[in-house]
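J.: First the structure, which I've put down as structure tokens, then a few questions once you've had a look.
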Amino acid sequence: MKSFWNNLGYQGVGIVEANGHSGGIWVLCSNSNISVRVLDVVDQCISFEITMGNTSSYCSAVYANPHIHRRKELWGDLTRIANMIHGPWIVLGDFNDVLWQSEVRGGQFRLARAEQFAEILEDCGLFDMGAIGRRFTWYRKVKGGVQVAKKLDRAVINQDWRLMFPEAYTEVLARLHSDHCPLFTR
């Protein structure tokens, strides 16, 4: 897989390999005008510093484990990383949790988990960036043909990131071969 991306002009900055058909994070870079330095790699998150000229910002790419006891490890990692970062920070990916009941259709909303997710974001100084495009980012058909849809994927940012990139937004794109929709942050 690495050679595929290299042939397209991308270099791998940080990689957490998938476990079977789930998980896995690849952080790729194609722009030689920026410097990317990996700060932290754990099985659910890669955090790095991006420097362009004299300006630096921080990014964390996440894939939260679908099992809640493992996801709690990610919440601890994000809290630890938040204490290391002093500047603009964006965290994006599959959080495997929702914040609001309106982010679930055809499935069960768990208030306690949503409150825990919201509390972690607040503790880290992060808030949802909002998105345009599709309302949900994950779809699955269950017994009886009922389709469950949730907003599991998102970009969250701190205030410094919003001030540095006031025009930035995230778009939820159409899904192709996955049960998740890709996110595109501009």
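Letters A, B, ... mark the chains of the structure tokens in the order given; residue numbers begin at 1 per chain; ligand numbers begin at 1, in order shown.
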Would you please extract all strand (DSSP E) residues from chain A, as assigned by DSSP on the backbone, and give them as an MDAnalysis selection string?
T.: chainID A and resid 11:16 25:29 35:42 45:52 55:63 89:94 104:105 127:128 131:133 138:141 147:150 153:157 170:172 183:185
J.: Please provide as a PyMOL selection string all residues within 10 Å of stretch 59-76 of chain A, with the sequence filter that same-chain residues fewer than 5 positions apart are discarded (counting only C-alpha atoms).
T.: chain A and resi 14+16+18+22-27+36+38-50+81-82+85+88-97+113+116-117+119-121+123-124+152-157+161
J.: Those selected residues, please, written with N, CA and C atoms and delivered as a short mmCIF file (atom, residue, chain, number, x, y, z; two decimals), in the first residue's frame.
T.:
data_model
loop_
_atom_site.label_atom_id
_atom_site.label_comp_id
_atom_site.auth_asym_id
_atom_site.auth_seq_id
_atom_site.Cartn_x
_atom_site.Cartn_y
_atom_site.Cartn_z
N GLY A 14 2.65 9.15 9.14
CA GLY A 14 2.35 8.30 10.29
C GLY A 14 1.35 7.24 9.90
N VAL A 16 -0.93 3.81 11.40
CA VAL A 16 -1.39 2.80 12.34
C VAL A 16 -2.13 1.79 11.47
N ALA A 18 -4.41 -1.24 10.04
CA ALA A 18 -5.75 -1.73 10.35
C ALA A 18 -5.67 -3.07 11.06
N SER A 22 -11.18 -3.26 10.10
CA SER A 22 -11.53 -2.03 10.81
C SER A 22 -10.28 -1.33 11.33
N GLY A 23 -10.47 -0.06 11.57
CA GLY A 23 -9.37 0.74 12.10
C GLY A 23 -8.37 1.10 11.03
N GLY A 24 -7.23 1.50 11.48
CA GLY A 24 -6.17 1.90 10.57
C GLY A 24 -6.23 3.39 10.30
N ILE A 25 -5.08 4.03 10.38
CA ILE A 25 -4.97 5.47 10.11
C ILE A 25 -3.72 5.67 9.26
N TRP A 26 -3.87 6.39 8.19
CA TRP A 26 -2.73 6.76 7.35
C TRP A 26 -2.71 8.27 7.26
N VAL A 27 -1.61 8.88 7.63
CA VAL A 27 -1.41 10.32 7.45
C VAL A 27 -0.39 10.46 6.33
N VAL A 36 6.06 18.26 8.36
CA VAL A 36 5.16 17.52 9.25
C VAL A 36 6.02 16.72 10.22
N VAL A 38 5.68 14.16 13.52
CA VAL A 38 4.80 13.33 14.34
C VAL A 38 5.09 13.59 15.81
N LEU A 39 4.04 13.85 16.57
CA LEU A 39 4.16 14.10 18.01
C LEU A 39 3.85 12.86 18.84
N ASP A 40 2.85 12.08 18.37
CA ASP A 40 2.38 10.97 19.18
C ASP A 40 1.65 9.98 18.28
N VAL A 41 1.89 8.70 18.51
CA VAL A 41 1.18 7.64 17.78
C VAL A 41 0.70 6.61 18.79
N VAL A 42 -0.60 6.40 18.83
CA VAL A 42 -1.20 5.32 19.61
C VAL A 42 -2.14 4.57 18.66
N ASP A 43 -2.70 3.47 19.11
CA ASP A 43 -3.47 2.64 18.17
C ASP A 43 -4.76 3.28 17.66
N GLN A 44 -5.24 4.36 18.29
CA GLN A 44 -6.46 5.01 17.84
C GLN A 44 -6.25 6.45 17.37
N CYS A 45 -5.00 6.92 17.34
CA CYS A 45 -4.77 8.34 17.03
C CYS A 45 -3.32 8.59 16.62
N ILE A 46 -3.16 9.43 15.61
CA ILE A 46 -1.85 9.95 15.24
C ILE A 46 -1.93 11.47 15.36
N SER A 47 -1.02 12.07 16.12
CA SER A 47 -0.99 13.52 16.28
C SER A 47 0.31 14.06 15.72
N PHE A 48 0.21 15.20 15.03
CA PHE A 48 1.39 15.75 14.38
C PHE A 48 1.31 17.27 14.32
N GLU A 49 2.48 17.87 14.15
CA GLU A 49 2.60 19.32 13.99
C GLU A 49 2.87 19.60 12.52
N ILE A 50 2.16 20.59 11.99
CA ILE A 50 2.34 21.01 10.60
C ILE A 50 2.92 22.41 10.61
N ILE A 81 -2.81 14.62 25.00
CA ILE A 81 -2.31 15.38 23.85
C ILE A 81 -2.71 16.85 23.97
N ALA A 82 -3.94 17.10 24.42
CA ALA A 82 -4.40 18.49 24.59
C ALA A 82 -3.47 19.26 25.53
N ILE A 85 -0.30 20.39 23.53
CA ILE A 85 -0.47 21.29 22.39
C ILE A 85 -0.81 22.69 22.87
N PRO A 88 -3.13 26.23 17.43
CA PRO A 88 -4.27 25.76 16.65
C PRO A 88 -4.26 24.23 16.53
N TRP A 89 -5.42 23.60 16.80
CA TRP A 89 -5.51 22.14 16.80
C TRP A 89 -6.82 21.69 16.18
N ILE A 90 -6.73 20.75 15.24
CA ILE A 90 -7.91 20.10 14.66
C ILE A 90 -7.77 18.60 14.90
N VAL A 91 -8.87 17.98 15.26
CA VAL A 91 -8.93 16.53 15.46
C VAL A 91 -10.04 16.02 14.56
N LEU A 92 -9.72 15.10 13.66
CA LEU A 92 -10.75 14.64 12.75
C LEU A 92 -10.67 13.15 12.51
N GLY A 93 -11.82 12.57 12.18
CA GLY A 93 -11.88 11.15 11.89
C GLY A 93 -13.14 10.52 12.41
N ASP A 94 -13.06 9.22 12.65
CA ASP A 94 -14.19 8.41 13.11
C ASP A 94 -14.12 8.30 14.63
N PHE A 95 -15.01 9.02 15.31
CA PHE A 95 -15.05 9.01 16.76
C PHE A 95 -15.90 7.87 17.31
N ASN A 96 -16.67 7.21 16.43
CA ASN A 96 -17.54 6.10 16.82
C ASN A 96 -18.49 6.47 17.95
N ASP A 97 -18.86 7.73 18.03
CA ASP A 97 -19.82 8.24 19.00
C ASP A 97 -20.54 9.43 18.40
N ARG A 113 -23.29 8.11 26.85
CA ARG A 113 -22.10 8.11 26.00
C ARG A 113 -21.93 9.46 25.30
N GLN A 116 -20.53 11.87 27.78
CA GLN A 116 -19.11 11.60 28.03
C GLN A 116 -18.26 12.14 26.88
N PHE A 117 -18.70 11.93 25.64
CA PHE A 117 -18.00 12.45 24.47
C PHE A 117 -17.93 13.97 24.53
N GLU A 119 -18.13 15.88 27.14
CA GLU A 119 -17.27 16.28 28.26
C GLU A 119 -15.79 16.20 27.88
N ILE A 120 -15.41 15.15 27.17
CA ILE A 120 -14.01 15.01 26.73
C ILE A 120 -13.64 16.15 25.80
N LEU A 121 -14.52 16.45 24.85
CA LEU A 121 -14.24 17.56 23.92
C LEU A 121 -14.06 18.86 24.70
N ASP A 123 -13.21 19.24 27.87
CA ASP A 123 -11.97 19.17 28.65
C ASP A 123 -10.74 19.46 27.80
N CYS A 124 -10.81 19.11 26.51
CA CYS A 124 -9.70 19.32 25.59
C CYS A 124 -9.76 20.68 24.90
N LEU A 152 -20.87 9.63 12.92
CA LEU A 152 -19.76 9.13 13.73
C LEU A 152 -18.45 9.85 13.42
N ASP A 153 -18.38 10.42 12.22
CA ASP A 153 -17.15 11.06 11.75
C ASP A 153 -17.33 12.58 11.80
N ARG A 154 -16.30 13.28 12.21
CA ARG A 154 -16.40 14.73 12.32
C ARG A 154 -15.03 15.35 12.47
N ALA A 155 -15.00 16.68 12.37
CA ALA A 155 -13.80 17.46 12.67
C ALA A 155 -14.14 18.34 13.87
N VAL A 156 -13.28 18.30 14.87
CA VAL A 156 -13.43 19.18 16.04
C VAL A 156 -12.17 20.03 16.12
N ILE A 157 -12.34 21.25 16.58
CA ILE A 157 -11.24 22.22 16.57
C ILE A 157 -11.21 22.99 17.88
N TRP A 161 -7.51 27.32 16.34
CA TRP A 161 -7.60 26.82 14.96
C TRP A 161 -8.65 27.62 14.18
#
J.: Write out as a PyMOL selection string each polymer residue whose atoms come within 8 Å of A:His180, counting only C-alpha atoms; drop sequence neighbours fewer than 2 positions from it.
T.: chain A and resi 137-139+153+175+178+182
J.: Dump C-alpha atoms for the selected residues as a PDB file, in the first residue's frame?
T.:
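Result went into part_12.pdb, see below:
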ATOM      1  CA  THR A 137     -21.462   9.819   7.960  1.00  0.00           C
ATOM      2  CA  TRP A 138     -22.108   6.112   8.614  1.00  0.00           C
ATOM      3  CA  TYR A 139     -24.824   3.799   7.263  1.00  0.00           C
ATOM      4  CA  ASP A 153     -17.149  11.064  11.747  1.00  0.00           C
ATOM      5  CA  ARG A 175     -19.658   7.137   0.366  1.00  0.00           C
ATOM      6  CA  SER A 178     -17.328   1.862   2.692  1.00  0.00           C
ATOM      7  CA  PRO A 182     -15.284  10.540   3.675  1.00  0.00           C
TER       8      PRO A 182
END
J.: Hey, what's within 12 Å of A:Lys141 if we count only C-alpha atoms and toss same-chain stuff fewer than 4 positions away? As an MDAnalysis selection string, please?
T.: chainID A and resid 105:107 145:150 179
J.: By how many Å are atom CA of A:Thr55 and atom CA of A:Glu171 apart?
T.: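 Atom-to-atom, atom CA of A:Thr55 and atom CA of A:Glu171 are spaced 24.7 Å apart.
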J.: Do you have the atom CA of A:Arg80-atom CA of A:Ala131 distance handy?
T.: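 According to the coordinates, atom CA of A:Arg80 and atom CA of A:Ala131 are separated by 26.4 Å.
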J.: Do you have the atom CA of A:Ser57-atom CA of A:Leu126 distance handy?
T.: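 Straight-line distance from atom CA of A:Ser57 to atom CA of A:Leu126 works out to 14.3 Å.
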J.: As JSON, numbers by chain, please: every residue in chain A that a backbone DSSP assignment puts in helix (DSSP H, G or I).
T.: {"A": [2, 3, 4, 5, 6, 7, 68, 69, 70, 71, 72, 73, 74, 75, 76, 77, 78, 79, 80, 81, 82, 83, 84, 101, 102, 103, 111, 112, 113, 114, 115, 116, 117, 118, 119, 120, 121, 122, 123, 143, 144, 145, 159, 160, 161, 162, 163, 164]}
J.: Would you save the residues from that selection as a PDB file, in the first residue's frame, using C-alpha atoms?
T.:
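The result, stored in again22.pdb:
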ATOM      1  CA  LYS A   2       2.885   2.325   0.819  1.00  0.00           C
ATOM      2  CA  SER A   3       4.289   2.021  -2.710  1.00  0.00           C
ATOM      3  CA  PHE A   4       0.850   2.863  -4.153  1.00  0.00           C
ATOM      4  CA  TRP A   5       0.809   6.217  -2.330  1.00  0.00           C
ATOM      5  CA  ASN A   6       4.495   6.856  -3.040  1.00  0.00           C
ATOM      6  CA  ASN A   7       3.830   6.384  -6.778  1.00  0.00           C
ATOM      7  CA  ILE A  68     -16.562   1.558  24.503  1.00  0.00           C
ATOM      8  CA  HIS A  69     -13.943   0.284  26.987  1.00  0.00           C
ATOM      9  CA  ARG A  70     -11.238   0.740  24.310  1.00  0.00           C
ATOM     10  CA  ARG A  71     -12.672   4.099  23.220  1.00  0.00           C
ATOM     11  CA  LYS A  72     -12.128   5.380  26.763  1.00  0.00           C
ATOM     12  CA  GLU A  73      -8.392   4.873  26.141  1.00  0.00           C
ATOM     13  CA  LEU A  74      -8.668   7.320  23.230  1.00  0.00           C
ATOM     14  CA  TRP A  75     -10.415   9.879  25.443  1.00  0.00           C
ATOM     15  CA  GLY A  76      -7.452   9.654  27.837  1.00  0.00           C
ATOM     16  CA  ASP A  77      -4.967   9.976  24.963  1.00  0.00           C
ATOM     17  CA  LEU A  78      -6.735  13.073  23.597  1.00  0.00           C
ATOM     18  CA  THR A  79      -6.710  14.680  27.043  1.00  0.00           C
ATOM     19  CA  ARG A  80      -2.971  13.985  27.348  1.00  0.00           C
ATOM     20  CA  ILE A  81      -2.307  15.384  23.849  1.00  0.00           C
ATOM     21  CA  ALA A  82      -4.396  18.490  24.592  1.00  0.00           C
ATOM     22  CA  ASN A  83      -2.009  19.244  27.458  1.00  0.00           C
ATOM     23  CA  MET A  84       0.984  18.995  25.060  1.00  0.00           C
ATOM     24  CA  GLN A 101     -29.947  12.543  19.337  1.00  0.00           C
ATOM     25  CA  SER A 102     -30.419  14.254  15.948  1.00  0.00           C
ATOM     26  CA  GLU A 103     -27.189  12.519  14.827  1.00  0.00           C
ATOM     27  CA  LEU A 111     -27.313   9.827  26.280  1.00  0.00           C
ATOM     28  CA  ALA A 112     -24.609   8.834  28.797  1.00  0.00           C
ATOM     29  CA  ARG A 113     -22.099   8.114  25.998  1.00  0.00           C
ATOM     30  CA  ALA A 114     -22.965  11.366  24.212  1.00  0.00           C
ATOM     31  CA  GLU A 115     -22.472  13.299  27.446  1.00  0.00           C
ATOM     32  CA  GLN A 116     -19.113  11.600  28.029  1.00  0.00           C
ATOM     33  CA  PHE A 117     -18.001  12.448  24.469  1.00  0.00           C
ATOM     34  CA  ALA A 118     -19.098  16.087  24.917  1.00  0.00           C
ATOM     35  CA  GLU A 119     -17.269  16.281  28.258  1.00  0.00           C
ATOM     36  CA  ILE A 120     -14.014  15.007  26.731  1.00  0.00           C
ATOM     37  CA  LEU A 121     -14.241  17.561  23.923  1.00  0.00           C
ATOM     38  CA  GLU A 122     -14.857  20.339  26.442  1.00  0.00           C
ATOM     39  CA  ASP A 123     -11.972  19.170  28.653  1.00  0.00           C
ATOM     40  CA  LYS A 143     -32.415  -7.012  10.303  1.00  0.00           C
ATOM     41  CA  GLY A 144     -35.653  -6.312   8.514  1.00  0.00           C
ATOM     42  CA  GLY A 145     -33.990  -3.978   6.019  1.00  0.00           C
ATOM     43  CA  GLN A 159     -10.534  28.319  19.246  1.00  0.00           C
ATOM     44  CA  ASP A 160      -6.975  28.999  18.029  1.00  0.00           C
ATOM     45  CA  TRP A 161      -7.605  26.821  14.962  1.00  0.00           C
ATOM     46  CA  ARG A 162     -10.845  28.691  14.167  1.00  0.00           C
ATOM     47  CA  LEU A 163      -9.026  32.031  14.445  1.00  0.00           C
ATOM     48  CA  MET A 164      -6.180  30.863  12.182  1.00  0.00           C
TER      49      MET A 164
END
J.: Just the residues within 9 Å of A:Ser30, please, counting only C-alpha atoms, with nothing from its chain fewer than 4 positions along; format it as number ranges by chain.
T.: A: 8-11, 34
